[in-house]
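These notes concern the structure reproduced below.
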Amino acid sequence: MPLKKLFIKTFGCQMNDYDTARIIDLLRASHGYLPVDAPEQADLIVFNTCHIREKAEEKLFSELGRLYKMVLPAHRSPNRPPPIFAVGGCVAQASGQEIVRRAPFVQLVFGPQTYHRLPAMLDQLARGGGPICAAEVVPDSKFDALPPSRGEGPMASVTVQEGCNKFCAFCVVPYTRGQEWSRPVEEILDEIAGRVRQGALEIQLLGQNVNAYQGLDRSGLPHDLALLIRRVALLPGVERIRFVTSHPADMTDELVEMFADLPQLCPYFHLPIQSGSDRILAQMGRGHTVATYLAWVQSLRQACPDIAIASDFIVGFPGETEADFQDTLALVEQVSFDHAYSFCFSPRPGTRAESMPEQVPPEVRTARLAILQEALNAHQLRRNQGRVGRVEAVLVEGPAKKGLGELTGRTPGFRKVHFPGGAEWIGQIVPVRITEGLPNSLRGILDQTSRRVR
Ligand code: SAM
Ligand code: SF4
Ligand code: F3S
């Protein structure tokens, strides 16, 4: 049987990246699909989508149409049937059949909690009929139905928690990913042990609110994220651990204290705040104040002075005044973040914020975003420059995009580093002396005089 080819395009967050990797594992095991980079060669084209902001959704439909037009000529001959188009992920979850209405050539629609049924859906399609839409949010035994995860490279991400119960006024995630739920402890440990056997040194635990993790082990003992991390650290071969994304309302002292005493835990904390104004945080329904956020940042820095703090911001949330926005800028000055993602508020269907009065005009949102990003970028650059002269333990991921004998990797604080070096270092943790701090990365040189680093 000739090998079948799968082209998959992923939008959105790291949880979607993880799902994409699992879809590839699944379809390889069930139908012998091999991933390809060129959509013209593919027998199955999958879009794994994101619904978080309006732009992400628009991109999906324009990309779908573009790819459809592009691949059709390659499939005109009678012995080359047209590829199957499938749409999965969070837009599929939110829009279901509507996708088929807007793009009638789509034959499969599936959500983040139903992708394990893809093999059965493909078989059903082969028997005739369609389009097929499976987009429930009931978390059933998705993980039990998946083959063992495979992966290359020294960094492995593993989903430990899915969904969200927080219902922030602006956010679609509780509707697209469903209720918060946590994977059982041993299931996670087995997946991590498998990835370590395949060469992973660094494990990234993923969850929409990863620090809301509440899983059980085989004996029924409840584990929070801190305890889960301690169990992961006991696995032989796990050199580094990190986790994203945390919510300020789910912080615990145990989690903070671990940064002082667990050597495998990377000094990096992604803690989104969204706004520096208590009034706006309350309108957003975030369940924390600026003061509680600052107190956690202070505790983290006390436990681990070198910790990199990252965050997310939304500007132009309904009712945000100039004074609220100034509070956000003041917070940025006070914390001096190492890294941050920032967005204009995007009204999303079905969320409370969509119909709130006092929507901020788009041009005001855009202007505020530019000011905020300038401030965030200035801090990021300054903090990157502050690394110059240090020797950082860099986990080498591969050749740098620009080539030229350069490698790329990440420091424990998740800063990207480029340095000259040969392929023999790929997949290892090596000491790199930092020579330059740039806006989005560092440059350095291998420091072979340093001892082994983590
Ligand atoms: N659970 C995480 C938390 O609460 O911080 C964030 C998850 S969300 C996938 C990632 C980021 O997207 C959020 O932190 C927020 O900044 C941004 N985001 C979510 N909904 C948005 C919206 N309607 N408009 C603009 N940005 C949004
Ligand atoms: Fe969305 Fe809020 Fe849940 Fe984060 S905590 S995923 S922003 S609803
Ligand atoms: Fe997007 Fe869904 Fe992630 S909406 S950000 S892909 S959880």
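We label chains A, B, ... in the order they appear in the structure tokens, count residues from 1 in each chain, and number ligands from 1 in the order shown.
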If you run DSSP on the backbone here, which positions in segment 279-391 of chain A get helix (DSSP H, G or I)? Please write them as an mmCIF file with N, CA, C and O atoms, in the first residue's frame.
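Full text of selection.cif as output:
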data_model
loop_
_atom_site.group_PDB
_atom_site.id
_atom_site.type_symbol
_atom_site.label_atom_id
_atom_site.label_comp_id
_atom_site.auth_asym_id
_atom_site.auth_seq_id
_atom_site.Cartn_x
_atom_site.Cartn_y
_atom_site.Cartn_z
ATOM 1 N N ARG A 279 -9.680 47.888 38.771
ATOM 2 C CA ARG A 279 -11.044 48.055 38.266
ATOM 3 C C ARG A 279 -11.247 47.156 37.036
ATOM 4 O O ARG A 279 -12.240 46.435 36.928
ATOM 5 N N ILE A 280 -10.289 47.157 36.141
ATOM 6 C CA ILE A 280 -10.409 46.343 34.918
ATOM 7 C C ILE A 280 -10.268 44.861 35.246
ATOM 8 O O ILE A 280 -10.987 44.019 34.701
ATOM 9 N N LEU A 281 -9.358 44.529 36.163
ATOM 10 C CA LEU A 281 -9.220 43.112 36.542
ATOM 11 C C LEU A 281 -10.549 42.582 37.088
ATOM 12 O O LEU A 281 -10.939 41.445 36.800
ATOM 13 N N ALA A 282 -11.255 43.428 37.863
ATOM 14 C CA ALA A 282 -12.556 42.997 38.407
ATOM 15 C C ALA A 282 -13.566 42.822 37.272
ATOM 16 O O ALA A 282 -14.308 41.840 37.231
ATOM 17 N N GLN A 283 -13.568 43.761 36.325
ATOM 18 C CA GLN A 283 -14.481 43.646 35.171
ATOM 19 C C GLN A 283 -14.175 42.390 34.352
ATOM 20 O O GLN A 283 -15.069 41.760 33.798
ATOM 21 N N MET A 284 -12.917 42.065 34.283
ATOM 22 C CA MET A 284 -12.503 40.868 33.530
ATOM 23 C C MET A 284 -12.885 39.586 34.273
ATOM 24 O O MET A 284 -12.881 38.510 33.681
ATOM 25 N N VAL A 290 -4.004 43.634 41.567
ATOM 26 C CA VAL A 290 -2.617 43.975 41.238
ATOM 27 C C VAL A 290 -1.723 43.673 42.447
ATOM 28 O O VAL A 290 -0.623 43.113 42.306
ATOM 29 N N ALA A 291 -2.215 44.003 43.657
ATOM 30 C CA ALA A 291 -1.385 43.805 44.860
ATOM 31 C C ALA A 291 -1.070 42.321 45.073
ATOM 32 O O ALA A 291 0.072 41.969 45.392
ATOM 33 N N THR A 292 -2.071 41.435 44.862
ATOM 34 C CA THR A 292 -1.773 40.001 45.074
ATOM 35 C C THR A 292 -0.782 39.529 44.007
ATOM 36 O O THR A 292 0.119 38.749 44.295
ATOM 37 N N TYR A 293 -0.947 40.050 42.799
ATOM 38 C CA TYR A 293 -0.008 39.668 41.729
ATOM 39 C C TYR A 293 1.422 40.085 42.108
ATOM 40 O O TYR A 293 2.363 39.288 42.030
ATOM 41 N N LEU A 294 1.547 41.342 42.559
ATOM 42 C CA LEU A 294 2.888 41.848 42.896
ATOM 43 C C LEU A 294 3.495 41.061 44.051
ATOM 44 O O LEU A 294 4.705 40.803 44.083
ATOM 45 N N ALA A 295 2.638 40.637 44.968
ATOM 46 C CA ALA A 295 3.148 39.868 46.111
ATOM 47 C C ALA A 295 3.714 38.524 45.629
ATOM 48 O O ALA A 295 4.755 38.072 46.116
ATOM 49 N N TRP A 296 3.053 37.896 44.641
ATOM 50 C CA TRP A 296 3.588 36.619 44.124
ATOM 51 C C TRP A 296 4.903 36.841 43.382
ATOM 52 O O TRP A 296 5.836 36.049 43.508
ATOM 53 N N VAL A 297 4.971 37.946 42.650
ATOM 54 C CA VAL A 297 6.231 38.233 41.930
ATOM 55 C C VAL A 297 7.364 38.419 42.942
ATOM 56 O O VAL A 297 8.475 37.883 42.787
ATOM 57 N N GLN A 298 7.045 39.140 44.015
ATOM 58 C CA GLN A 298 8.068 39.376 45.037
ATOM 59 C C GLN A 298 8.511 38.050 45.680
ATOM 60 O O GLN A 298 9.714 37.809 45.866
ATOM 61 N N SER A 299 7.544 37.178 45.995
ATOM 62 C CA SER A 299 7.913 35.889 46.610
ATOM 63 C C SER A 299 8.763 35.064 45.654
ATOM 64 O O SER A 299 9.722 34.408 46.074
ATOM 65 N N LEU A 300 8.387 35.083 44.367
ATOM 66 C CA LEU A 300 9.159 34.303 43.395
ATOM 67 C C LEU A 300 10.591 34.816 43.320
ATOM 68 O O LEU A 300 11.550 34.046 43.286
ATOM 69 N N ARG A 301 10.734 36.142 43.320
ATOM 70 C CA ARG A 301 12.087 36.712 43.216
ATOM 71 C C ARG A 301 12.885 36.491 44.502
ATOM 72 O O ARG A 301 14.110 36.399 44.461
ATOM 73 N N GLN A 302 12.164 36.408 45.625
ATOM 74 C CA GLN A 302 12.870 36.108 46.879
ATOM 75 C C GLN A 302 13.371 34.661 46.858
ATOM 76 O O GLN A 302 14.499 34.373 47.228
ATOM 77 N N ALA A 303 12.494 33.757 46.380
ATOM 78 C CA ALA A 303 12.863 32.328 46.354
ATOM 79 C C ALA A 303 13.980 32.086 45.348
ATOM 80 O O ALA A 303 14.822 31.215 45.545
ATOM 81 N N GLU A 322 -8.033 55.971 30.098
ATOM 82 C CA GLU A 322 -6.616 56.334 29.982
ATOM 83 C C GLU A 322 -5.918 56.093 31.333
ATOM 84 O O GLU A 322 -4.775 55.618 31.373
ATOM 85 N N ALA A 323 -6.651 56.373 32.430
ATOM 86 C CA ALA A 323 -6.038 56.187 33.762
ATOM 87 C C ALA A 323 -5.766 54.703 34.012
ATOM 88 O O ALA A 323 -4.709 54.335 34.554
ATOM 89 N N ASP A 324 -6.711 53.828 33.597
ATOM 90 C CA ASP A 324 -6.472 52.376 33.752
ATOM 91 C C ASP A 324 -5.238 51.964 32.960
ATOM 92 O O ASP A 324 -4.413 51.171 33.426
ATOM 93 N N PHE A 325 -5.157 52.500 31.747
ATOM 94 C CA PHE A 325 -4.018 52.129 30.894
ATOM 95 C C PHE A 325 -2.707 52.616 31.522
ATOM 96 O O PHE A 325 -1.695 51.895 31.508
ATOM 97 N N GLN A 326 -2.734 53.813 32.112
ATOM 98 C CA GLN A 326 -1.521 54.320 32.788
ATOM 99 C C GLN A 326 -1.138 53.397 33.944
ATOM 100 O O GLN A 326 0.047 53.188 34.226
ATOM 101 N N ASP A 327 -2.145 52.825 34.621
ATOM 102 C CA ASP A 327 -1.853 51.868 35.711
ATOM 103 C C ASP A 327 -1.119 50.652 35.156
ATOM 104 O O ASP A 327 -0.227 50.092 35.806
ATOM 105 N N THR A 328 -1.522 50.218 33.947
ATOM 106 C CA THR A 328 -0.836 49.067 33.332
ATOM 107 C C THR A 328 0.623 49.427 33.044
ATOM 108 O O THR A 328 1.540 48.647 33.324
ATOM 109 N N LEU A 329 0.829 50.631 32.502
ATOM 110 C CA LEU A 329 2.211 51.052 32.212
ATOM 111 C C LEU A 329 3.037 51.151 33.500
ATOM 112 O O LEU A 329 4.209 50.758 33.532
ATOM 113 N N ALA A 330 2.389 51.621 34.571
ATOM 114 C CA ALA A 330 3.113 51.747 35.853
ATOM 115 C C ALA A 330 3.510 50.361 36.362
ATOM 116 O O ALA A 330 4.620 50.168 36.882
ATOM 117 N N LEU A 331 2.607 49.379 36.177
ATOM 118 C CA LEU A 331 2.910 48.015 36.613
ATOM 119 C C LEU A 331 4.107 47.457 35.837
ATOM 120 O O LEU A 331 4.992 46.807 36.401
ATOM 121 N N VAL A 332 4.129 47.759 34.541
ATOM 122 C CA VAL A 332 5.229 47.276 33.699
ATOM 123 C C VAL A 332 6.558 47.845 34.214
ATOM 124 O O VAL A 332 7.565 47.134 34.308
ATOM 125 N N GLU A 333 6.542 49.135 34.588
ATOM 126 C CA GLU A 333 7.767 49.750 35.122
ATOM 127 C C GLU A 333 8.158 49.103 36.441
ATOM 128 O O GLU A 333 9.338 48.867 36.720
ATOM 129 N N GLN A 334 7.144 48.806 37.264
ATOM 130 C CA GLN A 334 7.432 48.271 38.590
ATOM 131 C C GLN A 334 8.011 46.851 38.513
ATOM 132 O O GLN A 334 8.974 46.533 39.201
ATOM 133 N N VAL A 335 7.427 46.015 37.654
ATOM 134 C CA VAL A 335 7.850 44.604 37.628
ATOM 135 C C VAL A 335 9.091 44.401 36.762
ATOM 136 O O VAL A 335 9.954 43.611 37.086
ATOM 137 N N ARG A 352 -18.790 37.328 27.894
ATOM 138 C CA ARG A 352 -19.467 38.466 28.525
ATOM 139 C C ARG A 352 -18.971 39.791 27.966
ATOM 140 O O ARG A 352 -19.726 40.729 27.754
ATOM 141 N N ALA A 353 -17.673 39.873 27.700
ATOM 142 C CA ALA A 353 -17.092 41.155 27.287
ATOM 143 C C ALA A 353 -17.574 41.593 25.904
ATOM 144 O O ALA A 353 -17.536 42.779 25.580
ATOM 145 N N GLU A 354 -18.038 40.632 25.120
ATOM 146 C CA GLU A 354 -18.476 40.970 23.759
ATOM 147 C C GLU A 354 -19.592 42.015 23.785
ATOM 148 O O GLU A 354 -19.633 42.926 22.965
ATOM 149 N N SER A 355 -20.511 41.865 24.760
ATOM 150 C CA SER A 355 -21.669 42.766 24.777
ATOM 151 C C SER A 355 -21.565 43.819 25.873
ATOM 152 O O SER A 355 -22.547 44.465 26.219
ATOM 153 N N PRO A 362 -11.356 50.853 18.187
ATOM 154 C CA PRO A 362 -10.193 50.086 17.713
ATOM 155 C C PRO A 362 -8.923 50.915 17.603
ATOM 156 O O PRO A 362 -7.832 50.434 17.936
ATOM 157 N N GLU A 363 -9.066 52.200 17.158
ATOM 158 C CA GLU A 363 -7.832 52.986 16.981
ATOM 159 C C GLU A 363 -7.187 53.306 18.339
ATOM 160 O O GLU A 363 -5.953 53.416 18.440
ATOM 161 N N VAL A 364 -8.006 53.428 19.389
ATOM 162 C CA VAL A 364 -7.437 53.671 20.727
ATOM 163 C C VAL A 364 -6.731 52.398 21.209
ATOM 164 O O VAL A 364 -5.624 52.439 21.760
ATOM 165 N N ARG A 365 -7.373 51.238 20.962
ATOM 166 C CA ARG A 365 -6.741 49.960 21.341
ATOM 167 C C ARG A 365 -5.374 49.825 20.670
ATOM 168 O O ARG A 365 -4.382 49.481 21.317
ATOM 169 N N THR A 366 -5.337 50.115 19.371
ATOM 170 C CA THR A 366 -4.085 49.947 18.623
ATOM 171 C C THR A 366 -3.008 50.897 19.141
ATOM 172 O O THR A 366 -1.846 50.503 19.300
ATOM 173 N N ALA A 367 -3.423 52.139 19.424
ATOM 174 C CA ALA A 367 -2.440 53.128 19.889
ATOM 175 C C ALA A 367 -1.884 52.699 21.257
ATOM 176 O O ALA A 367 -0.671 52.767 21.511
ATOM 177 N N ARG A 368 -2.781 52.209 22.141
ATOM 178 C CA ARG A 368 -2.312 51.793 23.469
ATOM 179 C C ARG A 368 -1.391 50.573 23.354
ATOM 180 O O ARG A 368 -0.402 50.472 24.090
ATOM 181 N N LEU A 369 -1.730 49.675 22.445
ATOM 182 C CA LEU A 369 -0.881 48.474 22.305
ATOM 183 C C LEU A 369 0.534 48.875 21.891
ATOM 184 O O LEU A 369 1.514 48.353 22.423
ATOM 185 N N ALA A 370 0.630 49.848 20.964
ATOM 186 C CA ALA A 370 1.963 50.270 20.500
ATOM 187 C C ALA A 370 2.771 50.844 21.672
ATOM 188 O O ALA A 370 3.963 50.539 21.825
ATOM 189 N N ILE A 371 2.108 51.645 22.514
ATOM 190 C CA ILE A 371 2.818 52.250 23.665
ATOM 191 C C ILE A 371 3.249 51.163 24.650
ATOM 192 O O ILE A 371 4.383 51.133 25.137
ATOM 193 N N LEU A 372 2.324 50.229 24.921
ATOM 194 C CA LEU A 372 2.640 49.155 25.871
ATOM 195 C C LEU A 372 3.800 48.307 25.353
ATOM 196 O O LEU A 372 4.737 47.983 26.092
ATOM 197 N N GLN A 373 3.736 47.973 24.057
ATOM 198 C CA GLN A 373 4.781 47.088 23.515
ATOM 199 C C GLN A 373 6.145 47.769 23.538
ATOM 200 O O GLN A 373 7.163 47.124 23.770
ATOM 201 N N GLU A 374 6.135 49.081 23.323
ATOM 202 C CA GLU A 374 7.413 49.793 23.388
ATOM 203 C C GLU A 374 8.018 49.664 24.789
ATOM 204 O O GLU A 374 9.214 49.398 24.943
ATOM 205 N N ALA A 375 7.158 49.823 25.803
ATOM 206 C CA ALA A 375 7.646 49.724 27.187
ATOM 207 C C ALA A 375 8.108 48.292 27.491
ATOM 208 O O ALA A 375 9.192 48.083 28.064
ATOM 209 N N LEU A 376 7.312 47.308 27.082
ATOM 210 C CA LEU A 376 7.680 45.902 27.347
ATOM 211 C C LEU A 376 8.984 45.542 26.636
ATOM 212 O O LEU A 376 9.854 44.885 27.209
ATOM 213 N N ASN A 377 9.105 45.991 25.381
ATOM 214 C CA ASN A 377 10.317 45.678 24.616
ATOM 215 C C ASN A 377 11.555 46.301 25.252
ATOM 216 O O ASN A 377 12.627 45.699 25.269
ATOM 217 N N ALA A 378 11.394 47.523 25.781
ATOM 218 C CA ALA A 378 12.549 48.190 26.399
ATOM 219 C C ALA A 378 13.023 47.381 27.609
ATOM 220 O O ALA A 378 14.232 47.181 27.806
ATOM 221 N N HIS A 379 12.079 46.879 28.401
ATOM 222 C CA HIS A 379 12.478 46.075 29.564
ATOM 223 C C HIS A 379 13.116 44.762 29.127
ATOM 224 O O HIS A 379 14.110 44.324 29.705
ATOM 225 N N GLN A 380 12.507 44.152 28.104
ATOM 226 C CA GLN A 380 13.052 42.866 27.640
ATOM 227 C C GLN A 380 14.495 43.040 27.168
ATOM 228 O O GLN A 380 15.373 42.249 27.509
ATOM 229 N N LEU A 381 14.732 44.117 26.407
ATOM 230 C CA LEU A 381 16.087 44.369 25.905
ATOM 231 C C LEU A 381 17.051 44.587 27.080
ATOM 232 O O LEU A 381 18.133 44.004 27.141
ATOM 233 N N ARG A 382 16.608 45.415 28.041
ATOM 234 C CA ARG A 382 17.476 45.721 29.182
ATOM 235 C C ARG A 382 17.805 44.444 29.958
ATOM 236 O O ARG A 382 18.928 44.205 30.369
ATOM 237 N N ARG A 383 16.802 43.613 30.128
ATOM 238 C CA ARG A 383 17.032 42.387 30.911
ATOM 239 C C ARG A 383 17.889 41.400 30.118
ATOM 240 O O ARG A 383 18.697 40.686 30.701
ATOM 241 N N ASN A 384 17.716 41.387 28.801
ATOM 242 C CA ASN A 384 18.602 40.544 27.980
ATOM 243 C C ASN A 384 20.036 41.049 28.074
ATOM 244 O O ASN A 384 20.983 40.267 28.196
ATOM 245 N N GLN A 385 20.194 42.378 28.028
ATOM 246 C CA GLN A 385 21.550 42.952 28.120
ATOM 247 C C GLN A 385 22.184 42.643 29.481
ATOM 248 O O GLN A 385 23.399 42.491 29.593
#
Discussion item. Give me, as a ChimeraX atom specification, all polymer residues having an atom no more than 12 Å from Met258 of chain A, counting only C-alpha atoms and skipping those fewer than 2 positions away in the same chain.
Written reply: /A:225-230,233,241-242,252-256,260-267,299-300,302-304
I need the residues from that last selection saved to file as a compact mmCIF listing (two decimals), in the first residue's frame (with N, CA and C atoms), if you can.
# COMPACT_ATOMS: atom_id res chain seq x y z
N LEU A 225 0.11 20.81 41.46
CA LEU A 225 1.21 20.92 40.49
C LEU A 225 2.57 20.74 41.15
N ALA A 226 2.72 21.31 42.36
CA ALA A 226 4.02 21.23 43.03
C ALA A 226 4.41 19.76 43.27
N LEU A 227 3.46 18.97 43.74
CA LEU A 227 3.76 17.57 44.01
C LEU A 227 4.02 16.81 42.71
N LEU A 228 3.24 17.14 41.67
CA LEU A 228 3.47 16.49 40.38
C LEU A 228 4.90 16.78 39.89
N ILE A 229 5.32 18.03 40.02
CA ILE A 229 6.67 18.41 39.57
C ILE A 229 7.72 17.63 40.35
N ARG A 230 7.51 17.48 41.65
CA ARG A 230 8.49 16.71 42.45
C ARG A 230 8.55 15.27 41.97
N ALA A 233 10.53 15.22 38.76
CA ALA A 233 11.97 15.43 39.01
C ALA A 233 12.66 14.14 39.46
N ILE A 241 12.88 21.03 34.07
CA ILE A 241 11.41 21.03 34.08
C ILE A 241 10.95 22.49 34.00
N ARG A 242 9.94 22.73 33.17
CA ARG A 242 9.24 24.03 33.22
C ARG A 242 7.76 23.78 33.02
N THR A 252 0.42 28.88 44.78
CA THR A 252 0.58 28.33 46.14
C THR A 252 2.01 28.59 46.62
N ASP A 253 2.16 28.60 47.94
CA ASP A 253 3.51 28.80 48.51
C ASP A 253 4.43 27.64 48.12
N GLU A 254 3.87 26.42 48.05
CA GLU A 254 4.71 25.24 47.72
C GLU A 254 5.34 25.42 46.34
N LEU A 255 4.53 25.94 45.40
CA LEU A 255 5.03 26.12 44.04
C LEU A 255 6.20 27.12 44.04
N VAL A 256 6.04 28.19 44.80
CA VAL A 256 7.08 29.22 44.86
C VAL A 256 8.34 28.67 45.53
N ALA A 260 13.34 27.53 45.04
CA ALA A 260 14.54 27.67 45.88
C ALA A 260 15.26 26.34 46.04
N ASP A 261 14.53 25.22 45.93
CA ASP A 261 15.20 23.97 46.31
C ASP A 261 15.19 22.84 45.28
N LEU A 262 14.54 23.02 44.14
CA LEU A 262 14.51 21.91 43.17
C LEU A 262 15.42 22.25 41.98
N PRO A 263 16.60 21.63 41.91
CA PRO A 263 17.57 22.07 40.90
C PRO A 263 17.07 21.91 39.46
N GLN A 264 16.21 20.91 39.21
CA GLN A 264 15.75 20.71 37.82
C GLN A 264 14.77 21.79 37.36
N LEU A 265 14.17 22.50 38.30
CA LEU A 265 13.13 23.46 37.92
C LEU A 265 13.76 24.71 37.31
N CYS A 266 13.38 25.03 36.07
CA CYS A 266 13.97 26.18 35.39
C CYS A 266 13.44 27.49 35.98
N PRO A 267 14.31 28.48 36.13
CA PRO A 267 13.90 29.76 36.72
C PRO A 267 13.12 30.62 35.71
N SER A 299 7.54 37.18 46.00
CA SER A 299 7.91 35.89 46.61
C SER A 299 8.76 35.06 45.65
N LEU A 300 8.39 35.08 44.37
CA LEU A 300 9.16 34.30 43.39
C LEU A 300 10.59 34.82 43.32
N GLN A 302 12.16 36.41 45.63
CA GLN A 302 12.87 36.11 46.88
C GLN A 302 13.37 34.66 46.86
N ALA A 303 12.49 33.76 46.38
CA ALA A 303 12.86 32.33 46.35
C ALA A 303 13.98 32.09 45.35
N CYS A 304 13.97 32.86 44.26
CA CYS A 304 14.93 32.61 43.17
C CYS A 304 15.24 33.95 42.50
Dump as a Markdown table the rows for residues of chain A within 6 Å of ligand 1: closest atom pair and distance in Å with one decimal, only C-alpha atoms and all ligand atoms counted, ordered by chain and rising residue number.
| residue | atom | partner | partner_atom_place_in_ligand_line | distance |
| --- | --- | --- | --- | --- |
| A:Ile52 | CA | ligand 1 | 20 (N) | 5.2 |
| A:Arg53 | CA | ligand 1 | 24 (N) | 5.3 |
| A:Phe170 | CA | ligand 1 | 23 (N) | 4.5 |
| A:Cys171 | CA | ligand 1 | 20 (N) | 4.2 |
| A:Gln208 | CA | ligand 1 | 1 (N) | 4.5 |
| A:Asn209 | CA | ligand 1 | 1 (N) | 5.0 |
| A:Thr245 | CA | ligand 1 | 2 (C) | 5.8 |
| A:His247 | CA | ligand 1 | 4 (O) | 5.4 |
| A:Pro272 | CA | ligand 1 | 5 (O) | 4.4 |
| A:Gln274 | CA | ligand 1 | 16 (O) | 5.6 |
| A:Asp312 | CA | ligand 1 | 16 (O) | 4.6 |
| A:Phe313 | CA | ligand 1 | 16 (O) | 4.9 |
| A:Ile314 | CA | ligand 1 | 16 (O) | 5.2 |
| A:Phe343 | CA | ligand 1 | 26 (N) | 5.1 |
| A:Cys344 | CA | ligand 1 | 25 (C) | 5.4 |
| A:Phe345 | CA | ligand 1 | 24 (N) | 3.9 |
| A:Ser346 | CA | ligand 1 | 24 (N) | 3.8 |
| A:Pro347 | CA | ligand 1 | 23 (N) | 5.3 |
| A:Arg348 | CA | ligand 1 | 23 (N) | 5.5 |
Discussion item. I'd like the neighbourhood of Val173 of chain A as a ChimeraX atom specification, where a residue qualifies if any of its atoms comes within 7 Å (using only C-alpha atoms), though same-chain residues fewer than 2 positions away should be ignored.
Written reply: /A:163-164,171,175-177
Discussion item. So that I can check the surroundings of His418 of chain A, please list as number ranges by chain every protein, DNA and RNA residue that reaches within 6 Å of it, counting only C-alpha atoms and ignoring chain neighbours fewer than 3 positions away.
Written reply: A: 407-408, 443
Contact check, chain A to ligand 3, at most 9 Å, counting only C-alpha atoms and all ligand atoms, closest pairs as a Markdown table:
| residue | atom | partner | partner_atom_place_in_ligand_line | distance |
| --- | --- | --- | --- | --- |
| A:Thr10 | CA | ligand 3 | 6 (S) | 8.7 |
| A:Phe11 | CA | ligand 3 | 6 (S) | 6.5 |
| A:Gly12 | CA | ligand 3 | 6 (S) | 4.1 |
| A:Cys13 | CA | ligand 3 | 3 (Fe) | 4.1 |
| A:Gln14 | CA | ligand 3 | 3 (Fe) | 6.9 |
| A:Met15 | CA | ligand 3 | 3 (Fe) | 5.9 |
| A:Asn16 | CA | ligand 3 | 6 (S) | 5.3 |
| A:Asp17 | CA | ligand 3 | 6 (S) | 8.6 |
| A:Asn48 | CA | ligand 3 | 6 (S) | 7.9 |
| A:Thr49 | CA | ligand 3 | 6 (S) | 6.0 |
| A:Cys50 | CA | ligand 3 | 1 (Fe) | 3.6 |
| A:His51 | CA | ligand 3 | 4 (S) | 4.0 |
| A:Ile52 | CA | ligand 3 | 4 (S) | 4.1 |
| A:Arg53 | CA | ligand 3 | 4 (S) | 7.7 |
| A:Ala56 | CA | ligand 3 | 1 (Fe) | 8.1 |
| A:Gly89 | CA | ligand 3 | 6 (S) | 6.4 |
| A:Cys90 | CA | ligand 3 | 2 (Fe) | 4.6 |
| A:Val91 | CA | ligand 3 | 4 (S) | 7.1 |
| A:Pro112 | CA | ligand 3 | 2 (Fe) | 8.1 |
| A:Glu162 | CA | ligand 3 | 7 (S) | 8.6 |
| A:Gly163 | CA | ligand 3 | 7 (S) | 7.8 |
| A:Cys171 | CA | ligand 3 | 4 (S) | 8.5 |
| A:Val172 | CA | ligand 3 | 4 (S) | 6.5 |
| A:Val173 | CA | ligand 3 | 7 (S) | 5.5 |
| A:Pro174 | CA | ligand 3 | 7 (S) | 8.6 |
| A:Thr176 | CA | ligand 3 | 2 (Fe) | 6.5 |
| A:Arg177 | CA | ligand 3 | 7 (S) | 6.2 |
| A:Gln208 | CA | ligand 3 | 7 (S) | 6.9 |
Output of the above residues as a short mmCIF file (atom, residue, chain, number, x, y, z; two decimals), in the first residue's frame, restricted to C-alpha atoms:
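After the write, out-v4.cif holds the following:
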data_model
loop_
_atom_site.label_atom_id
_atom_site.label_comp_id
_atom_site.auth_asym_id
_atom_site.auth_seq_id
_atom_site.Cartn_x
_atom_site.Cartn_y
_atom_site.Cartn_z
CA THR A 10 -1.28 24.52 13.47
CA PHE A 11 -2.53 27.83 14.86
CA GLY A 12 -2.72 29.01 18.47
CA CYS A 13 -1.12 27.93 21.69
CA GLN A 14 1.29 25.24 22.83
CA MET A 15 -1.62 22.98 23.68
CA ASN A 16 -2.50 22.96 19.99
CA ASP A 17 1.14 22.18 19.13
CA ASN A 48 -5.63 22.66 13.87
CA THR A 49 -7.21 25.99 14.70
CA CYS A 50 -7.33 28.75 17.33
CA HIS A 51 -10.37 30.82 18.32
CA ILE A 52 -8.77 33.14 20.86
CA ARG A 53 -8.86 36.34 18.78
CA ALA A 56 -6.85 33.88 14.19
CA GLY A 89 -9.10 22.62 17.23
CA CYS A 90 -10.86 25.49 18.93
CA VAL A 91 -12.60 27.13 15.91
CA PRO A 112 -9.69 19.37 20.85
CA GLU A 162 -6.90 20.86 30.05
CA GLY A 163 -9.84 23.20 29.95
CA CYS A 171 -12.04 34.47 26.84
CA VAL A 172 -13.36 31.59 24.73
CA VAL A 173 -11.19 28.83 26.20
CA PRO A 174 -13.79 27.47 28.69
CA THR A 176 -13.67 25.54 23.31
CA ARG A 177 -11.62 23.32 25.62
CA GLN A 208 -4.42 26.32 30.16
#
Practice prompt. Find the residues near Glu186 of chain A: any atom within 12 Å, counting only C-alpha atoms, skip ones fewer than 6 places away on the same chain, and give them as a PyMOL selection string.
Written response: chain A and resi 160+192-193+215-221+223+228+231-232+235
Fill in: Long-range neighbours of segment 425-438 of chain A as JSON, numbers by chain, 7 Å cut-off, only C-alpha atoms, 4 positions minimum in chain
{"A": [153, 154, 381, 384, 385, 387, 388, 389, 390, 391, 392, 393, 394, 395, 396, 397, 398, 442, 443, 444, 445, 446, 447, 448, 450, 453, 454]}
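Compared by their closest atoms to ligand 2, and using only C-alpha atoms and all ligand atoms, the residues A:Ser95, A:Gln204, A:Ser311, A:Ser157 rank with A:Ser311 nearest.
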Worksheet entry | Top pick for closest residue to ligand 2, considering A:Gln107, A:Thr159, A:Gln179, A:Ser336 and counting only C-alpha atoms and all ligand atoms |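 Distance minimum relative to ligand 2 lands on A:Gln179.
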Item to complete: Give me the residues within 9 Å of Ile99 of chain A as a VMD selection string, counting only C-alpha atoms and dropping any in the same chain fewer than 5 places off.
Response: chain A and resid 61 87 91 to 92 104 106 109
